[in-house]
>>> print(open('entry_17.txt').read())   # compact mmCIF, C-alpha atoms
# COMPACT_ATOMS: atom_id res chain seq x y z
CA MET A 23 -97.19 69.11 -139.00
CA SER A 24 -100.95 68.59 -139.13
CA TRP A 25 -100.71 66.46 -142.28
CA LEU A 26 -99.07 63.75 -140.19
CA HIS A 27 -102.27 63.23 -138.16
CA LEU A 28 -103.60 61.34 -141.19
CA ASP A 29 -102.78 57.75 -140.22
CA VAL A 30 -103.30 54.50 -142.14
CA ARG A 31 -106.88 54.01 -141.02
CA SER A 32 -108.10 57.55 -141.63
CA ALA A 33 -106.26 57.78 -144.96
CA SER A 34 -107.73 54.46 -146.12
CA VAL A 35 -111.26 55.40 -145.04
CA THR A 36 -110.92 58.78 -146.74
CA ALA A 37 -109.71 57.09 -149.93
CA VAL A 38 -112.68 54.67 -149.94
CA VAL A 39 -115.21 57.45 -149.30
CA LEU A 40 -113.75 59.63 -152.06
CA LEU A 41 -113.67 56.70 -154.46
CA ALA A 42 -117.36 56.05 -153.74
CA LEU A 43 -118.07 59.74 -154.35
CA ALA A 44 -116.19 59.53 -157.67
CA LEU A 45 -118.44 56.65 -158.73
CA ILE A 46 -121.68 58.22 -157.53
CA ALA A 47 -121.19 61.84 -158.60
CA PRO A 48 -121.67 61.25 -162.37
CA LEU A 49 -125.17 59.93 -161.65
CA ALA A 50 -126.25 63.49 -160.84
CA ARG A 51 -125.72 64.42 -164.50
CA ARG A 52 -124.92 68.02 -163.69
CA ARG A 53 -122.20 70.23 -165.13
CA TRP A 54 -120.24 70.02 -161.91
CA SER A 55 -120.62 66.26 -161.41
CA ALA A 56 -117.85 65.22 -163.81
CA TRP A 57 -115.43 67.70 -162.24
CA LEU A 58 -116.34 66.53 -158.72
CA ALA A 59 -115.94 62.86 -159.70
CA ALA A 60 -112.50 63.47 -161.21
CA ALA A 61 -111.32 65.56 -158.24
CA ALA A 62 -112.59 62.94 -155.77
CA PHE A 63 -110.82 60.14 -157.65
CA GLU A 64 -107.49 61.95 -157.77
CA THR A 65 -107.67 62.84 -154.07
CA ALA A 66 -108.51 59.22 -153.29
CA VAL A 67 -105.36 58.14 -155.13
CA VAL A 68 -103.24 60.52 -153.02
CA CYS A 69 -104.83 59.27 -149.78
CA ALA A 70 -104.27 55.66 -150.84
CA LEU A 71 -100.60 56.40 -151.55
CA PHE A 72 -100.27 58.02 -148.14
CA ALA A 73 -101.81 54.95 -146.50
CA LEU A 74 -99.43 52.70 -148.43
CA TRP A 75 -96.51 54.83 -147.25
CA GLN A 76 -97.58 54.38 -143.64
CA VAL A 77 -98.01 50.60 -144.09
CA ALA A 78 -94.50 50.32 -145.55
CA ASN A 79 -93.12 52.45 -142.72
CA GLY A 80 -94.78 50.18 -140.19
CA MET A 81 -93.06 47.14 -141.66
CA THR A 82 -89.63 48.55 -140.80
CA HIS A 83 -90.49 49.43 -137.19
CA GLY A 84 -88.54 47.36 -134.70
CA HIS A 85 -85.56 47.00 -137.06
CA GLU A 86 -83.38 49.34 -135.02
CA GLN A 87 -80.28 47.16 -134.95
CA GLY A 88 -80.31 46.41 -138.67
CA GLY A 89 -81.13 50.01 -139.45
CA LEU A 90 -78.20 51.31 -137.44
CA SER A 91 -75.83 48.86 -139.11
CA HIS A 92 -77.04 49.80 -142.60
CA GLY A 93 -76.82 53.49 -141.72
CA ARG A 94 -73.19 53.12 -140.70
CA ASP A 95 -72.56 51.26 -143.95
CA VAL A 96 -73.96 54.20 -145.93
CA TRP A 97 -71.79 56.60 -143.92
CA ALA A 98 -68.71 54.47 -144.60
CA ALA A 99 -69.57 54.26 -148.31
CA GLU A 100 -69.75 58.05 -148.51
CA ARG A 101 -66.32 58.37 -146.95
CA TRP A 102 -64.97 55.80 -149.42
CA LEU A 103 -66.52 57.77 -152.29
CA HIS A 104 -65.07 61.02 -150.87
CA LEU A 105 -68.45 62.74 -150.80
CA PRO A 106 -68.62 66.06 -148.93
CA SER A 107 -68.91 65.74 -145.16
CA GLU A 108 -72.43 66.22 -143.80
CA THR A 109 -70.84 67.26 -140.51
CA SER A 110 -68.85 70.08 -142.10
CA ALA A 111 -71.93 71.28 -143.98
CA GLN A 112 -74.02 71.31 -140.80
CA GLN A 113 -71.36 73.27 -138.91
CA LEU A 114 -71.95 76.17 -141.30
CA VAL A 115 -75.48 76.73 -139.93
CA LEU A 116 -75.40 75.48 -136.33
CA GLY A 117 -74.43 78.87 -134.94
CA HIS A 118 -77.37 80.59 -136.65
CA HIS A 119 -80.37 79.71 -134.48
CA THR A 120 -83.01 81.34 -136.69
CA VAL A 121 -81.71 79.48 -139.73
CA VAL A 122 -81.71 76.16 -137.88
CA ARG A 123 -85.27 76.66 -136.66
CA ALA A 124 -86.34 77.59 -140.19
CA ILE A 125 -84.84 74.48 -141.79
CA ASN A 126 -86.34 72.28 -139.05
CA TYR A 127 -89.75 73.77 -139.79
CA TYR A 128 -89.27 73.37 -143.53
CA TYR A 129 -88.36 69.71 -143.12
CA ALA A 130 -91.44 69.07 -140.98
CA THR A 131 -94.01 70.90 -143.12
CA ALA A 132 -92.92 71.39 -146.73
CA HIS A 133 -92.83 67.71 -147.73
CA LEU A 134 -96.52 66.80 -147.77
CA THR A 135 -97.79 70.37 -148.06
CA GLY A 136 -95.61 70.98 -151.12
CA MET A 137 -96.92 67.85 -152.85
CA VAL A 138 -100.55 68.77 -152.15
CA VAL A 139 -100.06 72.33 -153.42
CA PHE A 140 -98.25 71.00 -156.50
CA LEU A 141 -100.98 68.48 -157.37
CA VAL A 142 -103.75 71.06 -156.88
CA TRP A 143 -101.87 73.58 -159.06
CA LEU A 144 -101.25 70.99 -161.75
CA TRP A 145 -104.90 69.86 -161.65
CA LEU A 146 -106.26 73.39 -161.97
CA ARG A 147 -103.74 74.89 -164.40
CA HIS A 148 -102.41 71.96 -166.45
CA ARG A 149 -105.09 69.28 -166.39
CA ASP A 150 -103.75 67.63 -169.55
CA ARG A 151 -100.35 67.03 -167.89
CA TYR A 152 -101.76 65.90 -164.55
CA PRO A 153 -102.07 62.15 -165.29
CA GLN A 154 -98.43 61.92 -166.40
CA TRP A 155 -97.02 63.52 -163.26
CA ARG A 156 -99.47 61.78 -160.94
CA ASN A 157 -98.30 58.45 -162.37
CA ILE A 158 -94.65 59.39 -161.91
CA VAL A 159 -95.38 60.29 -158.28
CA ALA A 160 -97.09 56.94 -157.77
CA ILE A 161 -94.36 54.89 -159.49
CA PHE A 162 -91.54 56.70 -157.69
CA THR A 163 -93.23 56.36 -154.31
CA GLY A 164 -93.96 52.68 -154.89
CA ILE A 165 -90.35 51.86 -155.84
CA ALA A 166 -88.98 53.96 -152.97
CA LEU A 167 -91.22 52.19 -150.45
CA LEU A 168 -90.04 48.81 -151.69
CA VAL A 169 -86.40 49.86 -151.21
CA GLU A 170 -87.23 51.24 -147.76
CA MET A 171 -88.26 47.77 -146.64
CA ILE A 172 -84.53 47.52 -145.89
CA PRO A 173 -84.19 49.70 -142.78
CA VAL A 174 -81.53 52.42 -142.84
CA ALA A 175 -81.07 54.73 -139.86
CA PRO A 176 -80.54 58.43 -140.58
CA PRO A 177 -77.14 59.95 -139.77
CA ARG A 178 -78.50 61.68 -136.63
CA LEU A 179 -79.02 58.25 -135.03
CA ILE A 180 -75.92 56.24 -135.92
CA GLY A 181 -73.50 58.05 -133.57
CA HIS A 182 -69.82 59.01 -133.88
CA THR A 183 -70.43 61.41 -136.78
CA GLY A 184 -70.29 64.77 -135.00
CA LEU A 185 -73.78 65.55 -136.35
CA VAL A 186 -76.47 67.22 -134.23
CA ASP A 187 -80.16 66.25 -134.30
CA THR A 188 -81.23 69.85 -134.87
CA ALA A 189 -84.98 69.17 -134.60
CA THR A 190 -84.64 67.52 -131.19
CA LEU A 191 -82.24 70.25 -130.04
CA TYR A 192 -84.87 72.93 -130.69
CA GLY A 193 -87.94 70.90 -129.74
CA GLN A 194 -89.14 70.64 -133.34
CA SER A 195 -88.80 66.91 -133.93
CA VAL A 196 -91.56 65.59 -136.17
CA TYR A 197 -90.96 62.11 -134.78
CA ALA A 198 -91.51 63.21 -131.19
CA PHE A 199 -94.59 65.14 -132.32
CA VAL A 200 -96.42 62.33 -134.11
CA GLY A 201 -95.04 59.37 -132.15
CA SER A 202 -93.13 56.30 -133.21
CA ASP A 203 -96.21 54.45 -134.45
CA LEU A 204 -96.71 56.85 -137.34
CA ALA A 205 -93.36 58.19 -138.51
CA ASP A 206 -90.62 55.69 -139.27
CA GLN A 207 -87.11 56.80 -138.42
CA TYR A 208 -85.43 53.87 -140.17
CA ALA A 209 -86.51 54.60 -143.76
CA ALA A 210 -83.77 57.02 -144.73
CA LEU A 211 -82.79 55.56 -148.11
CA PRO A 212 -83.93 56.67 -150.61
CA SER A 213 -85.14 60.06 -149.43
CA ILE A 214 -88.77 60.52 -150.48
CA HIS A 215 -88.40 64.14 -149.34
CA VAL A 216 -85.75 64.71 -152.01
CA GLY A 217 -87.48 62.58 -154.64
CA TRP A 218 -90.77 64.44 -154.37
CA ALA A 219 -89.06 67.83 -154.25
CA VAL A 220 -86.98 67.15 -157.38
CA LEU A 221 -90.05 65.76 -159.14
CA ILE A 222 -91.98 68.93 -158.33
CA ALA A 223 -89.03 71.04 -159.52
CA VAL A 224 -88.82 69.25 -162.88
CA ALA A 225 -92.59 69.34 -163.39
CA VAL A 226 -92.81 73.06 -162.58
CA VAL A 227 -90.03 73.81 -165.08
CA ARG A 228 -91.68 71.72 -167.81
CA CYS A 229 -95.24 72.91 -167.20
CA GLY A 230 -94.85 76.40 -165.75
CA ARG A 231 -94.21 79.70 -167.46
CA GLY A 232 -92.00 82.71 -166.81
CA TRP A 233 -89.00 83.19 -164.56
CA ALA A 234 -90.91 82.36 -161.36
CA LYS A 235 -90.86 78.65 -162.22
CA TRP A 236 -87.06 78.61 -161.88
CA ILE A 237 -87.25 80.15 -158.41
CA VAL A 238 -89.79 77.54 -157.29
CA ALA A 239 -87.86 74.69 -158.88
CA LEU A 240 -84.43 75.60 -157.51
CA GLY A 241 -85.81 76.77 -154.18
CA HIS A 242 -87.82 73.65 -153.42
CA GLY A 243 -85.71 71.05 -155.20
CA LEU A 244 -82.22 72.11 -154.17
CA GLY A 245 -83.46 73.59 -150.90
CA THR A 246 -85.01 70.31 -149.78
CA PHE A 247 -81.85 68.37 -150.63
CA LEU A 248 -79.82 70.74 -148.45
CA VAL A 249 -82.36 70.82 -145.63
CA VAL A 250 -82.55 67.03 -145.21
CA VAL A 251 -78.76 66.89 -144.92
CA LEU A 252 -78.31 69.94 -142.67
CA THR A 253 -80.90 68.58 -140.22
CA ALA A 254 -79.02 65.22 -140.17
CA ASN A 255 -82.14 63.39 -141.35
CA HIS A 256 -80.51 62.05 -144.53
CA TYR A 257 -77.16 61.27 -146.10
CA TRP A 258 -76.07 62.71 -149.44
CA LEU A 259 -76.51 59.19 -150.85
CA ASP A 260 -80.16 59.18 -149.76
CA GLY A 261 -80.82 62.12 -152.06
CA ILE A 262 -78.69 60.74 -154.88
CA SER A 263 -80.48 57.39 -154.70
CA ALA A 264 -83.86 59.17 -154.68
CA ILE A 265 -82.99 61.02 -157.88
CA THR A 266 -81.92 57.71 -159.43
CA VAL A 267 -85.23 56.09 -158.48
CA LEU A 268 -87.06 59.14 -159.85
CA ALA A 269 -85.26 58.70 -163.19
CA LEU A 270 -86.38 55.05 -163.25
CA ALA A 271 -89.94 56.12 -162.50
CA TRP A 272 -89.78 58.63 -165.37
CA VAL A 273 -88.63 55.93 -167.78
CA ALA A 274 -91.24 53.48 -166.49
CA GLU A 275 -94.04 56.01 -166.92
CA ARG A 276 -92.99 56.75 -170.49
CA GLY A 277 -92.86 53.03 -171.25
CA LEU A 278 -96.33 52.48 -169.81
CA ARG A 279 -97.65 55.43 -171.81
CA ARG A 280 -96.24 53.97 -175.01
CA LEU A 281 -97.83 50.60 -174.28
CA THR A 282 -101.22 52.12 -173.52
CA SER A 283 -101.02 54.35 -176.60
CA ARG A 284 -100.18 51.36 -178.78
CA TRP A 285 -103.01 49.33 -177.24
CA SER A 286 -105.49 52.21 -177.72
CA LEU A 287 -104.50 52.63 -181.35
CA ARG A 288 -104.94 48.95 -182.03
CA GLN A 289 -108.49 49.12 -180.74
CA LEU A 290 -109.27 51.78 -183.35
CA VAL A 291 -106.97 50.98 -186.26
CA PRO A 292 -105.89 47.65 -187.75
CA ALA A 293 -102.36 46.75 -186.64
CA HIS A 294 -100.87 46.90 -190.14
CA GLN A 295 -102.08 50.52 -190.54
CA ILE A 296 -100.42 51.85 -187.37
CA GLN A 297 -97.48 54.12 -188.10
CA PRO A 298 -94.51 54.37 -185.69
CA ASP A 299 -94.88 58.15 -185.51
CA GLN A 300 -98.44 57.72 -184.20
CA ILE A 301 -97.16 55.68 -181.26
CA GLN A 302 -94.38 58.19 -180.55
CA GLN A 303 -96.85 61.07 -180.73
CA GLY A 304 -99.06 59.36 -178.17
CA ALA A 305 -96.16 58.75 -175.81
CA ASP A 306 -94.96 62.36 -176.00
CA SER A 307 -98.36 63.96 -175.49
>>> encode(input="entry_17.txt", output="structure tokens")
Amino acid sequence: MSWLHLDVRSASVTAVVLLALALIAPLARRRWSAWLAAAAFETAVVCALFALWQVANGMTHGHEQGGLSHGRDVWAAERWLHLPSETSAQQLVLGHHTVVRAINYYYATAHLTGMVVFLVWLWLRHRDRYPQWRNIVAIFTGIALLVEMIPVAPPRLIGHTGLVDTATLYGQSVYAFVGSDLADQYAALPSIHVGWAVLIAVAVVRCGRGWAKWIVALGHGLGTFLVVVLTANHYWLDGISAITVLALAWVAERGLRRLTSRWSLRQLVPAHQIQPDQIQQGADS
């Protein structure tokens, strides 16, 4: 849970300091300076995104009544769509105390830690693919935060569902741990937990090698989706909407890459000499 100690102020200050380091480091003109500048810049971007997340969360604080109403609307919509019951799914694990404690811990720690580990792995092992996936993370998170301006209470708070707040039951609530000023409980839809986990799963499959990538992808992607529902922190529709937003972010990133590739080519080659396959090749790289 230690990642959650990074609040808006400390994340913003860290981002500014790292950005300054990224600008200053190349002046050293050493072999390591370019690597340090790039690493500092990318870490600054992550810290800035985290700060933005906290700002957006803060804007929905105090919207308890609207959040509860919207949460009940989501619950009713799921019943109308005949989606599986979150209550029935949770009942399968409630009697297994070790399992419940494990999924509570996973919910509290794997979200931010998993993204940091993923970005570091991608940076060190697949540097050429890093910008693409970093941009998808940024676009997805930005769109999700905009949607979360509309407060939606999680199913554990709306009442009359038969669901149990498993984290509170076992004294593992991340919201009690960090306090209401930092973690927003009324930003359930879409689930950034699920969106980030599925993004990591897809990226690992596309960039990784061997059979281990499938274990990581299915374990983290599908596992996170199940965990957020079994802990009553999200509805099925929260995860489904997150995957939809992720698909939009994927399309947006590809479109931006095509535009930048076309613009770059036009700086080097006269417009009438640019071939369509050159633009496509740039977008797919």
>>> residues_around(input="entry_17.txt", residues="A:Gly243", least_positions_apart="5", cutoff="7 Å", atoms="all atoms listed in the file", output="MDAnalysis selection string")
chainID A and resid 219:220 223
>>> closest_residue(input="entry_17.txt", among="A:Val122, A:Val169, A:Leu185, A:Ala269", to="A:Glu108", atoms="all atoms listed in the file")
A:Leu185
>>> closest_residue(input="entry_17.txt", among="A:Ile158, A:Thr36, A:Thr188, A:Gly88", to="A:Thr120", atoms="only C-alpha atoms")
A:Thr188
>>> atom_distance(input="entry_17.txt", atom1="atom CA of A:Arg279", atom2="atom CA of A:Gln154")
8.5 Å
>>> atom_distance(input="entry_17.txt", atom1="atom CA of A:Leu43", atom2="atom CA of A:Ala62")
6.5 Å
>>> atom_distance(input="entry_17.txt", atom1="atom CA of A:His133", atom2="atom CA of A:Gly217")
10.1 Å
>>> residues_around(input="entry_17.txt", residues="stretch 175-181 of chain A", least_positions_apart="2", cutoff="7 Å", atoms="all atoms listed in the file", output="list in words")
Gly89, Leu90, His92, Gly93, Arg94, Pro173, Thr183, Leu185, Val186, Asp187, Gln207, Tyr208, Ala209, Ala210, Ala254, Asn255, His256 and Tyr257 of chain A
>>> closest_residue(input="entry_17.txt", among="A:Ala37, A:His104, A:Ala73, A:Leu168", to="A:Ala61", atoms="only C-alpha atoms")
A:Ala37
>>> residues_near_point(input="entry_17.txt", point="(-95.9, 60.4, -157.5)", cutoff="12 Å", atoms="all atoms listed in the file", output="PyMOL selection string")
chain A and resi 64+67-72+75+134+137-138+140-141+152-167+214-215+217-222+225+267-268+271-272+275
>>> closest_residue(input="entry_17.txt", among="A:Leu49, A:Ala189, A:Val226, A:Leu146", to="A:Ala124", atoms="all atoms listed in the file")
A:Ala189
>>> residues_around(input="entry_17.txt", residues="A:Val39", least_positions_apart="5", cutoff="9 Å", atoms="all atoms listed in the file", output="list in words")
Ser34, Ala44, Ala62 and Ala66 of chain A
